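Shown below: query08.cif, with mmCIF, C-alpha atoms (C1' of nucleotides).
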data_upload
#
loop_
_atom_site.label_atom_id
_atom_site.label_comp_id
_atom_site.auth_asym_id
_atom_site.auth_seq_id
_atom_site.Cartn_x
_atom_site.Cartn_y
_atom_site.Cartn_z
CA MET A 1 0.00 0.00 0.00
CA SER A 2 1.47 3.27 -1.16
CA THR A 3 1.87 6.06 1.37
CA THR A 4 2.74 9.08 -0.74
CA PRO A 5 0.90 12.29 0.12
CA VAL A 6 -1.17 12.01 -3.05
CA ALA A 7 -2.13 8.44 -2.17
CA GLU A 8 -3.26 9.57 1.26
CA ARG A 9 -5.33 12.39 -0.12
CA LEU A 10 -6.98 10.08 -2.63
CA ARG A 11 -7.80 7.58 0.08
CA ALA A 12 -9.12 10.34 2.34
CA ALA A 13 -11.48 11.35 -0.47
CA GLY A 14 -12.68 7.76 -0.83
CA GLU A 15 -10.92 7.31 -4.17
CA ARG A 16 -8.89 4.23 -5.08
CA VAL A 17 -5.15 4.49 -5.36
CA THR A 18 -3.82 3.10 -8.63
CA ALA A 19 -0.51 3.30 -10.47
CA GLN A 20 -2.17 5.39 -13.21
CA ARG A 21 -3.57 7.95 -10.78
CA LEU A 22 -0.23 8.38 -9.05
CA ALA A 23 1.47 8.75 -12.42
CA VAL A 24 -0.96 11.44 -13.54
CA ALA A 25 -0.61 13.31 -10.24
CA GLU A 26 3.16 13.11 -10.39
CA THR A 27 3.35 14.28 -14.00
CA LEU A 28 1.01 17.14 -13.14
CA ALA A 29 3.10 18.11 -10.12
CA ILE A 30 6.38 18.22 -12.07
CA SER A 31 5.19 21.25 -14.05
CA ARG A 32 3.73 24.28 -12.32
CA ARG A 33 2.11 25.34 -15.59
CA PRO A 34 -1.54 24.42 -16.24
CA GLN A 35 -1.76 21.56 -18.74
CA SER A 36 -4.60 20.11 -20.77
CA ALA A 37 -5.63 16.48 -20.42
CA GLU A 38 -4.44 15.77 -23.94
CA GLU A 39 -1.04 17.32 -23.22
CA LEU A 40 -0.66 15.29 -20.03
CA TRP A 41 -1.62 12.11 -21.84
CA ARG A 42 1.09 12.60 -24.44
CA ARG A 43 3.69 13.22 -21.74
CA LEU A 44 2.50 10.24 -19.72
CA ARG A 45 2.77 7.80 -22.58
CA ALA A 46 6.54 8.31 -22.62
CA ARG A 47 6.89 6.73 -19.19
CA HIS A 48 3.68 4.72 -18.80
CA ALA A 49 3.41 3.17 -22.23
CA GLY A 50 -0.07 1.75 -22.13
CA ILE A 51 -2.00 4.50 -20.37
CA GLY A 52 -5.32 5.29 -22.03
CA ARG A 53 -6.61 8.68 -23.04
CA ALA A 54 -9.96 8.15 -21.29
CA THR A 55 -8.09 7.13 -18.16
CA VAL A 56 -6.30 10.47 -18.04
CA PHE A 57 -9.60 12.32 -18.33
CA ARG A 58 -11.22 10.17 -15.65
CA THR A 59 -8.19 10.39 -13.41
CA LEU A 60 -8.06 14.18 -13.61
CA GLU A 61 -11.72 14.21 -12.59
CA ALA A 62 -10.85 12.05 -9.58
CA LEU A 63 -7.87 14.23 -8.68
CA VAL A 64 -10.02 17.35 -8.81
CA ALA A 65 -12.62 15.64 -6.64
CA ALA A 66 -9.90 14.71 -4.15
CA GLY A 67 -8.58 18.27 -4.13
CA VAL A 68 -5.24 17.15 -5.55
CA ALA A 69 -5.72 19.09 -8.77
CA ARG A 70 -7.69 22.12 -9.87
CA ARG A 71 -9.37 22.70 -13.21
CA PHE A 72 -9.20 25.94 -15.21
CA GLU A 73 -11.55 26.77 -18.05
CA PRO A 74 -9.68 29.17 -20.31
CA GLU A 75 -12.02 30.90 -22.80
CA GLY A 76 -12.25 28.98 -26.03
CA HIS A 77 -9.74 26.31 -25.11
CA ALA A 78 -9.70 22.91 -23.50
CA SER A 79 -9.75 22.70 -19.70
CA THR A 80 -6.33 22.75 -18.09
CA TYR A 81 -5.21 21.35 -14.75
CA VAL A 82 -2.67 22.24 -12.08
CA ALA A 83 -1.51 20.34 -9.02
CA CYS A 84 -2.82 21.78 -5.75
CA ARG A 85 -1.91 21.86 -2.12
CA ALA A 86 -4.62 20.61 0.17
CA GLY A 87 -7.26 23.19 1.08
CA HIS A 88 -9.59 25.40 -0.88
CA HIS A 89 -7.94 28.29 -2.62
CA HIS A 90 -7.85 30.32 -5.79
CA HIS A 91 -5.27 31.10 -8.41
CA LEU A 92 -3.20 33.78 -10.03
CA VAL A 93 -2.06 32.78 -13.50
CA CYS A 94 0.83 34.54 -15.23
CA THR A 95 -0.05 35.10 -18.88
CA GLY A 96 3.66 35.44 -19.63
CA CYS A 97 5.34 32.32 -18.30
CA GLY A 98 2.23 30.32 -17.33
CA ASP A 99 3.31 30.12 -13.72
CA VAL A 100 0.51 29.69 -11.21
CA ALA A 101 0.45 31.20 -7.73
CA GLU A 102 -2.08 30.09 -5.15
CA VAL A 103 -4.30 32.58 -3.38
CA ASP A 104 -5.49 31.64 0.04
CA GLU A 105 -9.21 31.29 0.62
CA ALA A 106 -8.87 33.62 3.63
CA LEU A 107 -8.15 36.57 1.33
CA ILE A 108 -11.37 36.00 -0.56
CA ARG A 109 -13.65 35.33 2.38
CA PRO A 110 -14.32 38.99 3.33
CA LEU A 111 -15.44 39.65 -0.24
CA VAL A 112 -17.82 36.69 -0.12
CA TYR A 113 -19.34 37.87 3.14
CA GLY A 114 -19.73 41.40 1.81
CA MET A 115 -21.39 40.07 -1.32
CA GLN A 116 -23.82 37.92 0.63
CA ALA A 117 -24.81 40.91 2.73
CA ALA A 118 -25.22 43.15 -0.32
CA THR A 119 -27.25 40.78 -2.49
CA GLY A 120 -29.02 38.30 -0.21
CA PHE A 121 -27.42 35.42 -2.10
CA GLU A 122 -26.18 32.43 -0.15
CA ILE A 123 -22.86 31.84 -1.86
CA ASP A 124 -21.74 28.22 -2.11
CA ASP A 125 -18.88 28.49 -4.52
CA ALA A 126 -16.60 31.22 -5.75
CA ARG A 127 -14.46 31.01 -8.84
CA VAL A 128 -11.86 33.67 -8.40
CA ASP A 129 -9.04 33.50 -10.88
CA PHE A 130 -6.72 36.37 -11.67
CA TYR A 131 -4.71 36.72 -14.84
CA GLY A 132 -1.71 39.00 -15.16
CA ARG A 133 2.08 39.15 -15.25
CA CYS A 134 4.17 37.77 -12.42
CA ALA A 135 6.84 39.99 -10.90
CA SER A 136 9.64 38.63 -13.10
CA CYS A 137 7.63 38.77 -16.35
CA ALA A 138 6.51 42.31 -15.47
CA ALA A 139 10.17 43.27 -14.95
CA LYS A 140 11.08 41.75 -18.33
CA ASP A 141 8.22 43.70 -19.96
CA ALA A 142 9.47 46.92 -18.41
CA ALA A 143 13.03 46.22 -19.56
CA GLY A 144 11.91 45.33 -23.09
CA ALA A 145 9.60 48.31 -23.50
CA MET B 1 -29.61 53.19 -39.50
CA SER B 2 -30.72 51.55 -36.31
CA THR B 3 -30.29 53.48 -33.07
CA THR B 4 -31.06 50.91 -30.40
CA PRO B 5 -28.63 50.85 -27.46
CA VAL B 6 -27.20 47.54 -28.67
CA ALA B 7 -26.64 48.96 -32.13
CA GLU B 8 -24.80 51.91 -30.65
CA ARG B 9 -22.58 49.71 -28.52
CA LEU B 10 -21.75 47.51 -31.50
CA ARG B 11 -20.85 50.54 -33.58
CA ALA B 12 -18.77 51.97 -30.74
CA ALA B 13 -16.82 48.70 -30.68
CA GLY B 14 -16.23 48.91 -34.44
CA GLU B 15 -18.59 46.02 -35.17
CA ARG B 16 -21.17 46.09 -37.94
CA VAL B 17 -24.82 46.24 -37.06
CA THR B 18 -26.85 43.54 -38.76
CA ALA B 19 -30.34 42.17 -38.34
CA GLN B 20 -28.91 38.87 -37.07
CA ARG B 21 -26.78 40.54 -34.41
CA LEU B 22 -29.67 42.59 -33.12
CA ALA B 23 -31.86 39.49 -33.08
CA VAL B 24 -29.29 37.51 -31.07
CA ALA B 25 -28.79 40.38 -28.62
CA GLU B 26 -32.53 40.81 -28.22
CA THR B 27 -33.18 37.11 -27.67
CA LEU B 28 -30.35 37.04 -25.15
CA ALA B 29 -31.73 40.06 -23.32
CA ILE B 30 -35.24 38.61 -23.01
CA SER B 31 -34.01 35.93 -20.63
CA ARG B 32 -31.87 36.81 -17.63
CA ARG B 33 -30.68 33.19 -17.48
CA PRO B 34 -27.36 32.20 -19.08
CA GLN B 35 -27.98 30.34 -22.33
CA SER B 36 -25.76 28.27 -24.58
CA ALA B 37 -25.20 29.19 -28.22
CA GLU B 38 -27.07 26.07 -29.31
CA GLU B 39 -30.05 26.95 -27.11
CA LEU B 40 -30.15 30.49 -28.45
CA TRP B 41 -29.97 29.24 -32.01
CA ARG B 42 -32.99 27.00 -31.53
CA ARG B 43 -34.98 29.88 -30.02
CA LEU B 44 -33.89 32.25 -32.77
CA ARG B 45 -34.99 30.00 -35.59
CA ALA B 46 -38.58 30.38 -34.48
CA ARG B 47 -38.57 34.08 -35.34
CA HIS B 48 -35.66 34.41 -37.74
CA ALA B 49 -36.20 31.39 -39.91
CA GLY B 50 -32.99 31.27 -41.88
CA ILE B 51 -30.42 32.15 -39.22
CA GLY B 52 -27.36 29.90 -39.30
CA ARG B 53 -25.79 28.07 -36.38
CA ALA B 54 -22.33 29.38 -37.17
CA THR B 55 -23.73 32.90 -37.30
CA VAL B 56 -24.99 32.58 -33.74
CA PHE B 57 -21.54 31.47 -32.54
CA ARG B 58 -19.82 34.28 -34.42
CA THR B 59 -22.36 36.83 -33.31
CA LEU B 60 -21.99 35.89 -29.66
CA GLU B 61 -18.26 36.37 -30.06
CA ALA B 62 -18.88 39.83 -31.49
CA LEU B 63 -21.33 40.69 -28.70
CA VAL B 64 -18.81 39.63 -26.07
CA ALA B 65 -16.14 41.71 -27.79
CA ALA B 66 -18.49 44.69 -27.79
CA GLY B 67 -19.29 44.17 -24.11
CA VAL B 68 -22.96 43.52 -24.87
CA ALA B 69 -22.77 39.95 -23.63
CA ARG B 70 -20.60 38.01 -21.22
CA ARG B 71 -19.44 34.41 -21.54
CA PHE B 72 -19.51 31.85 -18.72
CA GLU B 73 -17.56 28.61 -18.80
CA PRO B 74 -19.47 26.21 -16.54
CA GLU B 75 -17.38 23.14 -15.69
CA GLY B 76 -17.99 20.34 -18.12
CA HIS B 77 -20.65 22.12 -20.13
CA ALA B 78 -20.87 24.34 -23.17
CA SER B 79 -20.19 28.05 -22.73
CA THR B 80 -23.24 30.10 -21.84
CA TYR B 81 -23.97 33.75 -22.40
CA VAL B 82 -25.86 36.53 -20.65
CA ALA B 83 -26.73 40.04 -21.74
CA CYS B 84 -24.68 42.72 -19.99
CA ARG B 85 -24.95 46.34 -19.08
CA ALA B 86 -22.06 48.44 -20.33
CA GLY B 87 -18.99 48.42 -18.10
CA HIS B 88 -16.79 45.76 -16.63
CA HIS B 89 -18.33 43.70 -13.86
CA HIS B 90 -18.70 40.22 -12.44
CA HIS B 91 -21.55 37.88 -11.78
CA LEU B 92 -23.48 36.01 -9.17
CA VAL B 93 -25.28 33.01 -10.59
CA CYS B 94 -28.15 31.33 -8.75
CA THR B 95 -27.81 27.56 -9.04
CA GLY B 96 -31.50 27.23 -8.25
CA CYS B 97 -33.35 29.40 -10.76
CA GLY B 98 -30.42 30.35 -13.01
CA ASP B 99 -30.91 34.04 -12.33
CA VAL B 100 -27.83 36.20 -12.75
CA ALA B 101 -27.01 39.27 -10.65
CA GLU B 102 -24.28 41.65 -11.65
CA VAL B 103 -21.50 42.56 -9.26
CA ASP B 104 -19.92 45.92 -9.75
CA GLU B 105 -16.23 46.09 -10.56
CA ALA B 106 -15.78 48.57 -7.69
CA LEU B 107 -16.47 45.83 -5.13
CA ILE B 108 -13.69 43.70 -6.55
CA ARG B 109 -11.09 46.40 -6.99
CA PRO B 110 -9.80 46.47 -3.39
CA LEU B 111 -9.20 42.75 -3.57
CA VAL B 112 -7.23 43.13 -6.80
CA TYR B 113 -5.07 45.86 -5.27
CA GLY B 114 -4.43 43.80 -2.16
CA MET B 115 -3.50 40.82 -4.29
CA GLN B 116 -1.09 42.83 -6.40
CA ALA B 117 0.61 44.11 -3.26
CA ALA B 118 0.81 40.64 -1.72
CA THR B 119 2.14 38.76 -4.74
CA GLY B 120 3.95 41.25 -7.00
CA PHE B 121 1.71 40.24 -9.90
CA GLU B 122 0.39 42.91 -12.24
CA ILE B 123 -3.19 41.82 -12.60
CA ASP B 124 -4.80 42.47 -15.99
CA ASP B 125 -7.95 40.47 -15.73
CA ALA B 126 -10.02 38.99 -12.95
CA ARG B 127 -12.64 36.32 -13.42
CA VAL B 128 -14.77 36.51 -10.34
CA ASP B 129 -17.95 34.50 -10.54
CA PHE B 130 -19.97 33.44 -7.53
CA TYR B 131 -22.40 30.55 -7.46
CA GLY B 132 -25.08 30.15 -4.83
CA ARG B 133 -28.77 30.51 -4.11
CA CYS B 134 -30.56 33.79 -4.58
CA ALA B 135 -32.66 35.12 -1.69
CA SER B 136 -35.92 33.63 -2.97
CA CYS B 137 -34.45 30.20 -3.77
CA ALA B 138 -32.75 30.16 -0.37
CA ALA B 139 -36.10 30.92 1.25
CA LYS B 140 -37.71 28.07 -0.71
CA ASP B 141 -34.91 25.73 0.41
CA ALA B 142 -35.45 26.73 4.02
CA ALA B 143 -39.22 26.19 3.73
CA GLY B 144 -38.79 22.83 2.03
CA ALA B 145 -36.13 21.52 4.41
"C1'" DA C 1 -25.94 54.25 -56.85
"C1'" DG C 2 -21.75 51.65 -56.54
"C1'" DC C 3 -17.92 49.58 -54.43
"C1'" DC C 4 -15.55 47.08 -51.04
"C1'" DT C 5 -15.31 44.86 -46.90
"C1'" DA C 6 -17.31 42.23 -43.48
"C1'" DG C 7 -21.04 39.21 -42.28
"C1'" DT C 8 -24.00 35.19 -43.46
"C1'" DG C 9 -25.67 30.26 -44.32
"C1'" DA C 10 -24.61 25.68 -45.36
"C1'" DT C 11 -21.88 22.16 -44.49
"C1'" DA C 12 -17.82 19.63 -43.61
"C1'" DC C 13 -14.54 19.23 -40.26
"C1'" DT C 14 -11.85 19.16 -35.78
"C1'" DC C 15 -11.17 17.90 -31.35
"C1'" DA C 16 -12.29 17.73 -26.28
"C1'" DG C 17 -14.64 14.91 -23.60
"C1'" DT C 18 -17.91 10.78 -22.77
"C1'" DC C 19 -19.76 6.05 -23.18
"C1'" DT C 20 -19.39 1.21 -23.47
"C1'" DC C 21 -17.62 -3.05 -22.46
"C1'" DA C 22 -14.44 -6.72 -21.68
"C1'" DG C 23 -10.79 -7.56 -18.81
"C1'" DG C 24 -7.75 -6.33 -14.90
"C1'" DT C 25 -6.75 -4.59 -10.13
"C1'" DC C 26 -7.57 -2.60 -5.57
"C1'" DT C 27 -9.67 -3.24 -1.06
"C1'" DA C 28 -11.94 -5.28 2.56
"C1'" DA C 29 -13.53 -9.50 4.61
"C1'" DC C 30 -12.57 -13.89 5.79
"C1'" DG D 1 -3.12 -15.81 1.82
"C1'" DT D 2 -7.35 -16.24 -0.64
"C1'" DT D 3 -11.40 -14.63 -2.40
"C1'" DA D 4 -15.26 -11.78 -4.02
"C1'" DG D 5 -16.86 -7.92 -5.92
"C1'" DA D 6 -16.74 -3.20 -6.68
"C1'" DC D 7 -14.13 -0.13 -9.05
"C1'" DC D 8 -10.62 1.09 -12.53
"C1'" DT D 9 -8.53 0.64 -17.04
"C1'" DG D 10 -7.70 0.61 -22.21
"C1'" DA D 11 -9.52 0.71 -26.68
"C1'" DG D 12 -12.19 2.67 -29.67
"C1'" DA D 13 -16.62 4.35 -31.16
"C1'" DC D 14 -19.41 8.16 -30.36
"C1'" DT D 15 -21.24 12.96 -29.20
"C1'" DG D 16 -21.53 17.61 -29.54
"C1'" DA D 17 -19.45 22.30 -29.17
"C1'" DG D 18 -17.09 25.17 -31.83
"C1'" DT D 19 -14.34 26.37 -36.27
"C1'" DA D 20 -13.06 26.61 -41.24
"C1'" DT D 21 -14.32 27.18 -45.85
"C1'" DC D 22 -16.57 29.21 -49.55
"C1'" DA D 23 -19.96 31.25 -52.43
"C1'" DC D 24 -23.17 34.68 -51.73
"C1'" DT D 25 -25.27 38.89 -49.52
"C1'" DA D 26 -25.69 43.18 -47.20
"C1'" DG D 27 -23.88 47.18 -44.38
"C1'" DG D 28 -21.59 51.50 -44.71
"C1'" DC D 29 -18.73 54.90 -46.81
"C1'" DT D 30 -18.08 57.93 -50.95
#

Write the structure described by the file as C-alpha cells, please.
Amino acid sequence: MSTTPVAERLRAAGERVTAQRLAVAETLAISRRPQSAEELWRRLRARHAGIGRATVFRTLEALVAAGVARRFEPEGHASTYVACRAGHHHHLVCTGCGDVAEVDEALIRPLVYGMQAATGFEIDDARVDFYGRCASCAAKDAAGA
Amino acid sequence: MSTTPVAERLRAAGERVTAQRLAVAETLAISRRPQSAEELWRRLRARHAGIGRATVFRTLEALVAAGVARRFEPEGHASTYVACRAGHHHHLVCTGCGDVAEVDEALIRPLVYGMQAATGFEIDDARVDFYGRCASCAAKDAAGA
DNA sequence: AGCCTAGTGATACTCAGTCTCAGGTCTAAC
DNA sequence: GTTAGACCTGAGACTGAGTATCACTAGGCT
C-alpha cells in the first residue's frame, strides 16, 4: 500500500489508489504550468506506455474531486489542470510564463461575506481567478519596452 | 440606420450592425438566465427562420467583444452567455433558478489591489464568478427543508 | 448608386470529452 | 493468503461544441 501524500489524499477522499492515478498526479506536479488532459496524456505515454486517453480524463476528474488538482476553463480552449496543495484556494495565473500562484481562501472570504450581505445570495462556490504578469515577467516587460 | 442601445454599442466597438446581431442580442436580453449558443440558435430559428448556427456562434463572439454579452464557462458544459450592461463587472449566478445578478467592478477592486501588493503580480484580468442561491431560492430551500 | 469589406448560411470538419464493455486490479472480509 | 466484488482501465466508437471554408449577400462609406 502506497503512502505518498497524493495516495493519502486520494484515500481520504474515498478514491482508489492506482498506479495510473499516481502517475498522472506526479506528472502534473512536475510542471507548475496548467496543462490540458491531452497534453498530459502525451507526456504520460513516454513513461507509462499503455495508459489510455480516457483514463487520463477520468483520473483528472478524480484528482479534482480529491482536491489534488484544480481545473481551469480558459475561454475557447480545452480545460487545463494544475496540481494543488490541500485546502480550498484560488489562483493567479501569469499570462507570460504560465506560472501559477495560489491565493489563500482567507483573502477571498471577506469579499464573499460582503457580497452575501449586499445581495441576499447564499454563496456556495466562488471562482476567483486572476490573470496577469508575475513579478519577473513584469520586470522583463518593463526592460523590453 | 438603427439606433437601439445595442446597435450603438456595437458601432462603438467597431462592429457592424446587422439584423442577425440585433436578433441575437434581443433574444439574449429577453431571458436573464445564461444560455448556450445552441439553445439560443434553436430559439432564434422560431422568429428568424434562416439564421445559421455558425452565425450565432460568431455573433456571440462579437457581442462579447463589444461588451454587450458576457461568456460563462461552466465546468464540463458548453459556454453560456448573458446580456450585460455596459462596463466591466462580475456575476453572481443562482444555481436554483439560473438568475444572474451583476457585481460591480468597484467591489472587486480592493481585492485586486491587495493581491497585487501581496504577490507582485500585475493583474490584468479577474474572473470573479460566484455561485449560490438567490434570496428567494434560499427561502424556498429553508421552507422545504 | 456603386464599391468594397465584413457578415452570413450551409456544411464539412476538428477535437475535447464521454460512453461502453471486456478484462484487470484494488480493497476489505474472511 | 485467498477470495469476491466493486471499481478502474484501455480501446475505440461516439457525441456535440465550436471552427473553417466558400460562395453569396448586405452594411456602410463615398

For a cutoff of 8 Å around the file-coordinate point (-4.4, 37.0, -18.5), which residues qualify once you count all atoms listed in the file? I'd like the result as an mmCIF file with C-alpha atoms, in the coordinates of the input.
data_model
loop_
_atom_site.group_PDB
_atom_site.id
_atom_site.type_symbol
_atom_site.label_atom_id
_atom_site.label_comp_id
_atom_site.auth_asym_id
_atom_site.auth_seq_id
_atom_site.Cartn_x
_atom_site.Cartn_y
_atom_site.Cartn_z
ATOM 1 C CA VAL A 93 -2.060 32.780 -13.500
ATOM 2 C CA CYS A 94 0.830 34.540 -15.230
ATOM 3 C CA THR A 95 -0.050 35.100 -18.880
ATOM 4 C CA PHE A 130 -6.720 36.370 -11.670
ATOM 5 C CA TYR A 131 -4.710 36.720 -14.840
ATOM 6 C CA GLY A 132 -1.710 39.000 -15.160
ATOM 7 C CA ARG A 133 2.080 39.150 -15.250
ATOM 8 C CA ILE B 123 -3.190 41.820 -12.600
ATOM 9 C CA ASP B 124 -4.800 42.470 -15.990
ATOM 10 C CA ASP B 125 -7.950 40.470 -15.730
#

Mind doing a quick least-squares superposition of chain A onto chain B, all C-alpha atoms paired one-to-one in order, and writing it out as a compact mmCIF listing (two decimals) with C-alpha atoms, in the coordinates of the input?
# COMPACT_ATOMS: atom_id res chain seq x y z
CA MET A 1 -29.54 53.11 -39.54
CA SER A 2 -30.73 51.51 -36.34
CA THR A 3 -30.34 53.44 -33.11
CA THR A 4 -31.12 50.89 -30.42
CA PRO A 5 -28.75 50.82 -27.46
CA VAL A 6 -27.28 47.53 -28.65
CA ALA A 7 -26.68 48.99 -32.10
CA GLU A 8 -24.87 51.93 -30.56
CA ARG A 9 -22.69 49.74 -28.42
CA LEU A 10 -21.79 47.57 -31.39
CA ARG A 11 -20.89 50.60 -33.45
CA ALA A 12 -18.86 52.05 -30.58
CA ALA A 13 -16.87 48.80 -30.50
CA GLY A 14 -16.24 49.03 -34.24
CA GLU A 15 -18.56 46.12 -35.00
CA ARG A 16 -21.11 46.14 -37.82
CA VAL A 17 -24.77 46.31 -37.01
CA THR A 18 -26.79 43.60 -38.74
CA ALA A 19 -30.30 42.21 -38.34
CA GLN A 20 -28.84 38.91 -37.09
CA ARG A 21 -26.73 40.55 -34.39
CA LEU A 22 -29.66 42.58 -33.11
CA ALA A 23 -31.82 39.47 -33.09
CA VAL A 24 -29.26 37.50 -31.09
CA ALA A 25 -28.82 40.37 -28.61
CA GLU A 26 -32.56 40.76 -28.22
CA THR A 27 -33.17 37.05 -27.71
CA LEU A 28 -30.36 36.98 -25.17
CA ALA A 29 -31.78 39.99 -23.33
CA ILE A 30 -35.29 38.51 -23.05
CA SER A 31 -34.04 35.81 -20.67
CA ARG A 32 -31.93 36.67 -17.65
CA ARG A 33 -30.73 33.06 -17.49
CA PRO A 34 -27.39 32.14 -19.09
CA GLN A 35 -27.97 30.28 -22.36
CA SER A 36 -25.71 28.23 -24.60
CA ALA A 37 -25.14 29.18 -28.22
CA GLU A 38 -26.96 26.07 -29.36
CA GLU A 39 -29.96 26.90 -27.17
CA LEU A 40 -30.09 30.46 -28.49
CA TRP A 41 -29.87 29.23 -32.07
CA ARG A 42 -32.88 26.97 -31.62
CA ARG A 43 -34.90 29.80 -30.10
CA LEU A 44 -33.81 32.22 -32.82
CA ARG A 45 -34.86 29.98 -35.66
CA ALA A 46 -38.49 30.34 -34.56
CA ARG A 47 -38.48 34.03 -35.41
CA HIS A 48 -35.55 34.40 -37.81
CA ALA A 49 -36.05 31.36 -39.98
CA GLY A 50 -32.82 31.29 -41.91
CA ILE A 51 -30.28 32.17 -39.24
CA GLY A 52 -27.20 29.96 -39.32
CA ARG A 53 -25.65 28.11 -36.43
CA ALA A 54 -22.16 29.47 -37.17
CA THR A 55 -23.62 32.97 -37.28
CA VAL A 56 -24.90 32.63 -33.72
CA PHE A 57 -21.47 31.53 -32.52
CA ARG A 58 -19.74 34.36 -34.38
CA THR A 59 -22.31 36.89 -33.26
CA LEU A 60 -21.97 35.93 -29.60
CA GLU A 61 -18.22 36.43 -29.98
CA ALA A 62 -18.87 39.91 -31.38
CA LEU A 63 -21.35 40.73 -28.62
CA VAL A 64 -18.85 39.68 -25.97
CA ALA A 65 -16.18 41.79 -27.65
CA ALA A 66 -18.56 44.75 -27.66
CA GLY A 67 -19.37 44.21 -23.99
CA VAL A 68 -23.02 43.51 -24.79
CA ALA A 69 -22.81 39.93 -23.57
CA ARG A 70 -20.66 37.98 -21.16
CA ARG A 71 -19.48 34.39 -21.48
CA PHE A 72 -19.53 31.81 -18.68
CA GLU A 73 -17.58 28.58 -18.78
CA PRO A 74 -19.46 26.14 -16.56
CA GLU A 75 -17.34 23.06 -15.73
CA GLY A 76 -17.90 20.29 -18.22
CA HIS A 77 -20.56 22.07 -20.23
CA ALA A 78 -20.79 24.33 -23.22
CA SER A 79 -20.16 28.05 -22.74
CA THR A 80 -23.23 30.06 -21.83
CA TYR A 81 -23.97 33.73 -22.40
CA VAL A 82 -25.91 36.47 -20.63
CA ALA A 83 -26.80 39.98 -21.72
CA CYS A 84 -24.80 42.69 -19.94
CA ARG A 85 -25.09 46.31 -19.05
CA ALA A 86 -22.23 48.43 -20.28
CA GLY A 87 -19.16 48.43 -18.05
CA HIS A 88 -16.90 45.77 -16.64
CA HIS A 89 -18.41 43.70 -13.89
CA HIS A 90 -18.74 40.22 -12.49
CA HIS A 91 -21.58 37.86 -11.79
CA LEU A 92 -23.51 36.02 -9.15
CA VAL A 93 -25.32 33.01 -10.57
CA CYS A 94 -28.19 31.35 -8.71
CA THR A 95 -27.84 27.58 -8.98
CA GLY A 96 -31.55 27.28 -8.18
CA CYS A 97 -33.39 29.43 -10.69
CA GLY A 98 -30.46 30.37 -12.96
CA ASP A 99 -30.96 34.05 -12.31
CA VAL A 100 -27.88 36.21 -12.73
CA ALA A 101 -27.05 39.26 -10.64
CA GLU A 102 -24.31 41.66 -11.65
CA VAL A 103 -21.52 42.57 -9.28
CA ASP A 104 -19.93 45.92 -9.76
CA GLU A 105 -16.24 46.06 -10.60
CA ALA A 106 -15.77 48.54 -7.73
CA LEU A 107 -16.45 45.80 -5.17
CA ILE A 108 -13.69 43.66 -6.60
CA ARG A 109 -11.07 46.35 -7.08
CA PRO A 110 -9.77 46.43 -3.47
CA LEU A 111 -9.17 42.68 -3.67
CA VAL A 112 -7.22 43.09 -6.90
CA TYR A 113 -5.05 45.81 -5.41
CA GLY A 114 -4.41 43.74 -2.30
CA MET A 115 -3.47 40.76 -4.43
CA GLN A 116 -1.07 42.77 -6.55
CA ALA A 117 0.64 44.06 -3.43
CA ALA A 118 0.85 40.59 -1.89
CA THR A 119 2.16 38.70 -4.91
CA GLY A 120 3.93 41.19 -7.19
CA PHE A 121 1.67 40.16 -10.07
CA GLU A 122 0.38 42.83 -12.40
CA ILE A 123 -3.22 41.73 -12.75
CA ASP A 124 -4.85 42.38 -16.12
CA ASP A 125 -8.00 40.37 -15.83
CA ALA A 126 -10.06 38.92 -13.04
CA ARG A 127 -12.68 36.25 -13.46
CA VAL A 128 -14.79 36.47 -10.38
CA ASP A 129 -17.97 34.48 -10.53
CA PHE A 130 -19.99 33.43 -7.52
CA TYR A 131 -22.42 30.55 -7.43
CA GLY A 132 -25.10 30.17 -4.79
CA ARG A 133 -28.80 30.55 -4.04
CA CYS A 134 -30.57 33.86 -4.52
CA ALA A 135 -32.63 35.23 -1.65
CA SER A 136 -35.91 33.74 -2.92
CA CYS A 137 -34.45 30.30 -3.70
CA ALA A 138 -32.74 30.27 -0.29
CA ALA A 139 -36.10 31.07 1.33
CA LYS A 140 -37.75 28.22 -0.62
CA ASP A 141 -34.95 25.86 0.51
CA ALA A 142 -35.49 26.87 4.12
CA ALA A 143 -39.25 26.37 3.81
CA GLY A 144 -38.85 22.98 2.12
CA ALA A 145 -36.26 21.66 4.55

**Item:** chain C contacts on chain A, only C-alpha atoms (C1' of nucleotides), 9 Å, as a list of chain:residue names
**Value:**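 For chain A, the answer reads A:Arg16, A:Val17, A:Thr18, A:Ala37, A:Glu38, A:Ala54, A:Phe57, A:Ala78, A:Ser79.
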
Per residue of chain A within 12 Å of chain D, note the shortest atom pair and the distance in Å to one decimal, counting all atoms listed in the file, and order the rows by chain and increasing residue number, as a Markdown table.
| residue | atom | partner | partner_atom | distance |
| --- | --- | --- | --- | --- |
| A:Gly14 | CA | D:DC7 | C1' | 11.5 |
| A:Glu15 | CA | D:DC7 | C1' | 9.5 |
| A:Arg16 | CA | D:DC7 | C1' | 7.9 |
| A:Val17 | CA | D:DC8 | C1' | 9.6 |
| A:Thr18 | CA | D:DC8 | C1' | 8.1 |
| A:Ala19 | CA | D:DC8 | C1' | 10.6 |
| A:Gln20 | CA | D:DT9 | C1' | 8.8 |
| A:Arg21 | CA | D:DC8 | C1' | 10.0 |
| A:Ala49 | CA | D:DG10 | C1' | 11.4 |
| A:Gly50 | CA | D:DG10 | C1' | 7.7 |
| A:Ile51 | CA | D:DG10 | C1' | 7.1 |
| A:Gly52 | CA | D:DG10 | C1' | 5.3 |
| A:Arg53 | CA | D:DG10 | C1' | 8.2 |
| A:Ala54 | CA | D:DG10 | C1' | 7.9 |
| A:Thr55 | CA | D:DT9 | C1' | 6.6 |
| A:Val56 | CA | D:DT9 | C1' | 10.1 |
| A:Phe57 | CA | D:DT9 | C1' | 11.8 |
| A:Arg58 | CA | D:DC8 | C1' | 9.6 |
| A:Thr59 | CA | D:DC8 | C1' | 9.7 |
| A:Ala62 | CA | D:DC8 | C1' | 11.4 |
| A:Glu75 | CA | D:DG18 | C1' | 11.8 |
| A:Gly76 | CA | D:DG18 | C1' | 8.5 |
| A:His77 | CA | D:DG18 | C1' | 10.0 |
| A:Ala78 | CA | D:DA17 | C1' | 11.3 |

**Request:** Run the PyMOL selection byres ((chain B) within 9 of (chain A)) against the file shown and list the residues it catches, as a ChimeraX atom specification.
**Result:** /B:71-76,79,92,94,101,103,107-108,111-112,114-115,119-138
